>>> print(open('protein.tsv').read())   # TSV, N, CA, C and O atoms
chain	number	residue	atom	x	y	z
A	1	MET	N	53.49	26.73	-53.08
A	1	MET	CA	54.59	26.08	-52.37
A	1	MET	C	54.28	24.59	-52.20
A	1	MET	O	53.27	24.24	-51.63
A	2	PRO	N	55.13	23.74	-52.65
A	2	PRO	CA	54.82	22.30	-52.58
A	2	PRO	C	54.88	21.74	-51.17
A	2	PRO	O	54.24	20.74	-50.87
A	3	GLN	N	55.64	22.34	-50.26
A	3	GLN	CA	55.74	21.79	-48.92
A	3	GLN	C	54.47	21.98	-48.11
A	3	GLN	O	54.29	21.36	-47.08
A	4	LEU	N	53.55	22.83	-48.58
A	4	LEU	CA	52.29	23.02	-47.89
A	4	LEU	C	51.22	22.03	-48.34
A	4	LEU	O	50.15	21.98	-47.78
A	5	ASN	N	51.52	21.25	-49.34
A	5	ASN	CA	50.58	20.26	-49.83
A	5	ASN	C	50.65	19.03	-48.93
A	5	ASN	O	51.67	18.33	-48.90
A	6	PRO	N	49.59	18.71	-48.18
A	6	PRO	CA	49.65	17.58	-47.25
A	6	PRO	C	49.43	16.21	-47.89
A	6	PRO	O	49.54	15.20	-47.23
A	7	THR	N	49.13	16.19	-49.17
A	7	THR	CA	48.78	14.93	-49.81
A	7	THR	C	49.88	13.87	-49.71
A	7	THR	O	49.58	12.73	-49.34
A	8	PRO	N	51.13	14.14	-50.00
A	8	PRO	CA	52.11	13.04	-49.90
A	8	PRO	C	52.52	12.73	-48.47
A	8	PRO	O	53.00	11.64	-48.20
A	9	TRP	N	52.30	13.65	-47.53
A	9	TRP	CA	52.80	13.44	-46.18
A	9	TRP	C	51.79	12.79	-45.26
A	9	TRP	O	52.17	12.10	-44.32
A	10	PHE	N	50.51	12.99	-45.52
A	10	PHE	CA	49.50	12.42	-44.63
A	10	PHE	C	49.50	10.89	-44.66
A	10	PHE	O	49.46	10.26	-43.60
A	11	PRO	N	49.58	10.23	-45.82
A	11	PRO	CA	49.66	8.76	-45.81
A	11	PRO	C	50.93	8.24	-45.11
A	11	PRO	O	50.90	7.20	-44.45
A	12	ILE	N	52.01	8.97	-45.24
A	12	ILE	CA	53.24	8.57	-44.55
A	12	ILE	C	53.05	8.68	-43.04
A	12	ILE	O	53.45	7.78	-42.28
A	13	LEU	N	52.40	9.75	-42.59
A	13	LEU	CA	52.12	9.92	-41.17
A	13	LEU	C	51.22	8.80	-40.65
A	13	LEU	O	51.48	8.21	-39.59
A	14	VAL	N	50.18	8.49	-41.39
A	14	VAL	CA	49.26	7.42	-40.97
A	14	VAL	C	49.98	6.08	-40.95
A	14	VAL	O	49.80	5.27	-40.02
A	15	LEU	N	50.80	5.81	-41.92
A	15	LEU	CA	51.54	4.55	-41.96
A	15	LEU	C	52.51	4.44	-40.78
A	15	LEU	O	52.61	3.38	-40.15
A	16	CYS	N	53.20	5.52	-40.46
A	16	CYS	CA	54.13	5.49	-39.32
A	16	CYS	C	53.39	5.24	-38.02
A	16	CYS	O	53.82	4.42	-37.20
A	17	TRP	N	52.29	5.93	-37.80
A	17	TRP	CA	51.53	5.73	-36.56
A	17	TRP	C	50.92	4.33	-36.51
A	17	TRP	O	50.81	3.73	-35.44
A	18	THR	N	50.54	3.78	-37.65
A	18	THR	CA	50.02	2.41	-37.67
A	18	THR	C	51.09	1.43	-37.23
A	18	THR	O	50.84	0.52	-36.44
A	19	VAL	N	52.30	1.63	-37.72
A	19	VAL	CA	53.40	0.75	-37.33
A	19	VAL	C	53.68	0.90	-35.85
A	19	VAL	O	53.84	-0.09	-35.13
A	20	PHE	N	53.72	2.13	-35.36
A	20	PHE	CA	54.03	2.36	-33.95
A	20	PHE	C	52.94	1.84	-33.01
A	20	PHE	O	53.23	1.41	-31.91
A	21	LEU	N	51.69	1.88	-33.42
A	21	LEU	CA	50.60	1.51	-32.53
A	21	LEU	C	50.11	0.07	-32.71
A	21	LEU	O	49.48	-0.47	-31.80
A	22	VAL	N	50.39	-0.56	-33.84
A	22	VAL	CA	49.87	-1.90	-34.08
A	22	VAL	C	50.96	-2.97	-34.02
A	22	VAL	O	50.77	-4.02	-33.41
A	23	PHE	N	52.10	-2.71	-34.63
A	23	PHE	CA	53.10	-3.76	-34.76
A	23	PHE	C	54.14	-3.75	-33.65
A	23	PHE	O	54.61	-4.81	-33.23
A	24	ILE	N	54.54	-2.60	-33.17
A	24	ILE	CA	55.63	-2.54	-32.20
A	24	ILE	C	55.21	-2.93	-30.78
A	24	ILE	O	55.93	-3.68	-30.12
A	25	PRO	N	54.05	-2.48	-30.23
A	25	PRO	CA	53.72	-2.86	-28.84
A	25	PRO	C	53.67	-4.36	-28.56
A	25	PRO	O	54.18	-4.79	-27.53
A	26	PRO	N	53.10	-5.20	-29.43
A	26	PRO	CA	53.15	-6.64	-29.12
A	26	PRO	C	54.57	-7.19	-29.06
A	26	PRO	O	54.87	-8.07	-28.25
A	27	LYS	N	55.45	-6.68	-29.89
A	27	LYS	CA	56.84	-7.15	-29.86
A	27	LYS	C	57.52	-6.73	-28.56
A	27	LYS	O	58.29	-7.50	-27.97
A	28	VAL	N	57.23	-5.53	-28.10
A	28	VAL	CA	57.84	-5.05	-26.86
A	28	VAL	C	57.26	-5.80	-25.66
A	28	VAL	O	57.98	-6.20	-24.75
A	29	LEU	N	55.95	-6.02	-25.66
A	29	LEU	CA	55.32	-6.70	-24.53
A	29	LEU	C	55.66	-8.19	-24.49
A	29	LEU	O	55.58	-8.81	-23.43
A	30	ALA	N	56.04	-8.77	-25.61
A	30	ALA	CA	56.39	-10.19	-25.64
A	30	ALA	C	57.82	-10.44	-25.18
A	30	ALA	O	58.23	-11.59	-25.01
A	31	HIS	N	58.59	-9.38	-24.96
A	31	HIS	CA	59.98	-9.53	-24.54
A	31	HIS	C	60.03	-10.10	-23.13
A	31	HIS	O	59.34	-9.65	-22.23
A	32	ALA	N	60.84	-11.11	-22.95
A	32	ALA	CA	61.00	-11.74	-21.63
A	32	ALA	C	62.46	-11.61	-21.20
A	32	ALA	O	63.39	-11.76	-22.01
A	33	HIS	N	62.66	-11.35	-19.94
A	33	HIS	CA	64.01	-11.26	-19.41
A	33	HIS	C	64.55	-12.67	-19.17
A	33	HIS	O	63.86	-13.52	-18.60
A	34	PRO	N	65.77	-12.96	-19.56
A	34	PRO	CA	66.29	-14.32	-19.39
A	34	PRO	C	66.55	-14.68	-17.92
A	34	PRO	O	66.45	-15.83	-17.56
A	35	ASN	N	66.87	-13.70	-17.11
A	35	ASN	CA	67.15	-13.97	-15.70
A	35	ASN	C	66.06	-13.33	-14.85
A	35	ASN	O	66.05	-12.12	-14.66
A	36	GLN	N	65.16	-14.14	-14.33
A	36	GLN	CA	64.10	-13.61	-13.49
A	36	GLN	C	64.67	-13.29	-12.11
A	36	GLN	O	65.50	-14.05	-11.58
A	37	PRO	N	64.26	-12.19	-11.50
A	37	PRO	CA	64.79	-11.85	-10.18
A	37	PRO	C	64.31	-12.84	-9.12
A	37	PRO	O	63.17	-13.29	-9.15
A	38	SER	N	65.20	-13.20	-8.23
A	38	SER	CA	64.84	-14.12	-7.16
A	38	SER	C	64.51	-13.32	-5.91
A	38	SER	O	65.10	-12.26	-5.66
A	39	PRO	N	63.57	-13.79	-5.12
A	39	PRO	CA	63.22	-13.05	-3.90
A	39	PRO	C	64.37	-13.06	-2.90
A	39	PRO	O	65.11	-14.04	-2.78
A	40	GLN	N	64.52	-11.97	-2.17
A	40	GLN	CA	65.58	-11.89	-1.19
A	40	GLN	C	65.19	-12.71	0.04
A	40	GLN	O	64.01	-12.87	0.35
A	41	SER	N	66.18	-13.23	0.71
A	41	SER	CA	65.90	-14.02	1.89
A	41	SER	C	65.41	-13.12	3.02
A	41	SER	O	65.76	-11.94	3.10
A	42	ALA	N	64.61	-13.70	3.92
A	42	ALA	CA	64.05	-12.93	5.02
A	42	ALA	C	65.10	-12.66	6.10
A	42	ALA	O	64.94	-11.77	6.92
A	43	LYS	N	66.18	-13.47	6.11
A	43	LYS	CA	67.22	-13.30	7.11
A	43	LYS	C	68.07	-12.07	6.79
A	43	LYS	O	68.54	-11.92	5.66
A	44	LYS	N	68.23	-11.19	7.75
A	44	LYS	CA	69.05	-10.01	7.54
A	44	LYS	C	70.51	-10.34	7.85
A	44	LYS	O	70.81	-11.00	8.82
A	45	SER	N	71.36	-9.83	7.01
A	45	SER	CA	72.78	-10.04	7.28
A	45	SER	C	73.27	-8.96	8.24
A	45	SER	O	72.78	-7.83	8.24
A	46	LYS	N	74.25	-9.33	9.04
A	46	LYS	CA	74.80	-8.37	10.00
A	46	LYS	C	75.76	-7.46	9.27
A	46	LYS	O	76.71	-7.90	8.63
A	47	GLU	N	75.47	-6.19	9.33
A	47	GLU	CA	76.33	-5.23	8.65
A	47	GLU	C	77.42	-4.77	9.59
A	47	GLU	O	77.18	-4.45	10.74
A	48	THR	N	78.64	-4.74	9.07
A	48	THR	CA	79.76	-4.26	9.87
A	48	THR	C	80.09	-2.83	9.47
A	48	THR	O	79.89	-2.44	8.32
A	49	SER	N	80.59	-2.09	10.40
A	49	SER	CA	80.95	-0.70	10.09
A	49	SER	C	82.26	-0.67	9.30
A	49	SER	O	83.09	-1.56	9.38
A	50	TRP	N	82.41	0.36	8.55
A	50	TRP	CA	83.60	0.51	7.73
A	50	TRP	C	84.77	0.94	8.61
A	50	TRP	O	84.65	1.86	9.40
A	51	ILE	N	85.88	0.27	8.45
A	51	ILE	CA	87.07	0.60	9.23
A	51	ILE	C	88.00	1.42	8.34
A	51	ILE	O	88.45	0.95	7.30
A	52	TRP	N	88.26	2.65	8.77
A	52	TRP	CA	89.13	3.53	8.00
A	52	TRP	C	90.55	3.37	8.51
A	52	TRP	O	90.90	3.79	9.60
A	53	PRO	N	91.43	2.73	7.73
A	53	PRO	CA	92.78	2.43	8.22
A	53	PRO	C	93.67	3.68	8.37
A	53	PRO	O	94.66	3.63	9.06
A	54	TRP	N	93.34	4.80	7.75
A	54	TRP	CA	94.21	5.97	7.84
A	54	TRP	C	93.83	6.92	8.95
A	54	TRP	O	94.39	7.97	9.08
A	55	TYR	N	92.86	6.54	9.78
A	55	TYR	CA	92.53	7.38	10.96
A	55	TYR	C	93.08	6.78	12.22
A	55	TYR	O	93.20	5.63	12.42
>>> encode(input="protein.tsv", output="structure tokens")
Amino acid sequence: MPQLNPTPWFPILVLCWTVFLVFIPPKVLAHAHPNQPSPQSAKKSKETSWIWPWY
């Protein structure tokens, strides 16, 4: 049975894992978000209760 022969598939497996482990992580880690989150102000806003007009 030819599908049991690992010779053609093992180099493909090694090549795929090499790409996933060597080339892709630096590209993902180098990604920067264009909008950096700003810290929230220390002042708390006064929250108002919801007014239900149909009650």
>>> select_by_dssp(input="protein.tsv", residues="chain A", states="helix (DSSP H, G or I)", output="VMD selection string")
chain A and resid 2 to 4 9 to 29
>>> atom_distance(input="protein.tsv", atom1="atom C of A:Ile24", atom2="atom O of A:Phe10")
19.3 Å
>>> axis_aligned_box(input="protein.tsv", around="stretch 34-38 of chain A", padding_each_side="8 Å", output="lines of an AutoDock Vina configuration file")
center_x = 65.2
center_y = -13.8
center_z = -12.6
size_x = 20.0
size_y = 20.0
size_z = 29.9
>>> atom_distance(input="protein.tsv", atom1="atom C of A:Trp17", atom2="atom N of A:Pro34")
28.4 Å
>>> atom_distance(input="protein.tsv", atom1="atom O of A:Thr7", atom2="atom N of A:Val22")
20.4 Å
>>> decode(input="protein.tsv", residues="chain A", atoms="C-alpha atoms", output="mmCIF file, in the first residue's frame")
data_model
loop_
_atom_site.group_PDB
_atom_site.id
_atom_site.type_symbol
_atom_site.label_atom_id
_atom_site.label_comp_id
_atom_site.auth_asym_id
_atom_site.auth_seq_id
_atom_site.Cartn_x
_atom_site.Cartn_y
_atom_site.Cartn_z
ATOM 1 C CA MET A 1 0.000 0.000 0.000
ATOM 2 C CA PRO A 2 1.622 3.276 -1.017
ATOM 3 C CA GLN A 3 -0.113 5.378 1.649
ATOM 4 C CA LEU A 4 1.824 3.526 4.353
ATOM 5 C CA ASN A 5 5.146 4.623 2.914
ATOM 6 C CA PRO A 6 6.287 7.592 5.071
ATOM 7 C CA THR A 7 9.081 8.648 2.733
ATOM 8 C CA PRO A 8 7.230 11.373 0.768
ATOM 9 C CA TRP A 9 5.252 12.635 3.764
ATOM 10 C CA PHE A 10 7.923 12.975 6.419
ATOM 11 C CA PRO A 11 9.868 15.767 4.626
ATOM 12 C CA ILE A 12 6.595 17.602 4.055
ATOM 13 C CA LEU A 13 5.777 17.295 7.760
ATOM 14 C CA VAL A 14 9.214 18.575 8.754
ATOM 15 C CA LEU A 15 8.984 21.466 6.305
ATOM 16 C CA CYS A 16 5.550 22.489 7.598
ATOM 17 C CA TRP A 17 6.670 22.429 11.224
ATOM 18 C CA THR A 18 9.806 24.381 10.315
ATOM 19 C CA VAL A 19 7.672 27.088 8.751
ATOM 20 C CA PHE A 20 5.296 27.152 11.714
ATOM 21 C CA LEU A 21 8.047 27.253 14.345
ATOM 22 C CA VAL A 22 10.727 29.392 12.679
ATOM 23 C CA PHE A 23 9.143 31.841 10.260
ATOM 24 C CA ILE A 24 5.656 32.576 11.562
ATOM 25 C CA PRO A 25 6.266 33.444 15.288
ATOM 26 C CA PRO A 26 8.573 36.428 14.583
ATOM 27 C CA LYS A 27 6.009 37.845 12.161
ATOM 28 C CA VAL A 28 3.223 37.471 14.711
ATOM 29 C CA LEU A 29 5.295 38.902 17.567
ATOM 30 C CA ALA A 30 6.384 41.884 15.445
ATOM 31 C CA HIS A 31 2.761 42.918 14.893
ATOM 32 C CA ALA A 32 1.975 46.252 16.526
ATOM 33 C CA HIS A 33 -1.461 47.672 17.179
ATOM 34 C CA PRO A 34 -1.939 51.094 15.570
ATOM 35 C CA ASN A 35 -4.018 52.444 18.453
ATOM 36 C CA GLN A 36 -2.407 51.914 21.834
ATOM 37 C CA PRO A 37 -4.879 51.839 24.730
ATOM 38 C CA SER A 38 -4.881 54.939 26.895
ATOM 39 C CA PRO A 39 -5.114 54.657 30.673
ATOM 40 C CA GLN A 40 -8.488 55.451 32.178
ATOM 41 C CA SER A 41 -8.795 58.540 34.296
ATOM 42 C CA ALA A 42 -8.808 58.122 38.067
ATOM 43 C CA LYS A 43 -11.941 60.276 38.367
ATOM 44 C CA LYS A 44 -15.104 58.204 38.531
ATOM 45 C CA SER A 45 -18.070 59.393 36.599
ATOM 46 C CA LYS A 46 -21.406 59.628 38.363
ATOM 47 C CA GLU A 47 -23.665 56.923 37.097
ATOM 48 C CA THR A 48 -27.343 57.688 36.779
ATOM 49 C CA SER A 49 -30.039 55.090 37.104
ATOM 50 C CA TRP A 50 -31.995 54.064 34.071
ATOM 51 C CA ILE A 51 -35.392 55.707 33.812
ATOM 52 C CA TRP A 52 -38.025 53.408 32.364
ATOM 53 C CA PRO A 53 -40.608 55.668 30.681
ATOM 54 C CA TRP A 54 -43.282 52.943 30.376
ATOM 55 C CA TYR A 55 -43.582 52.301 34.125
#
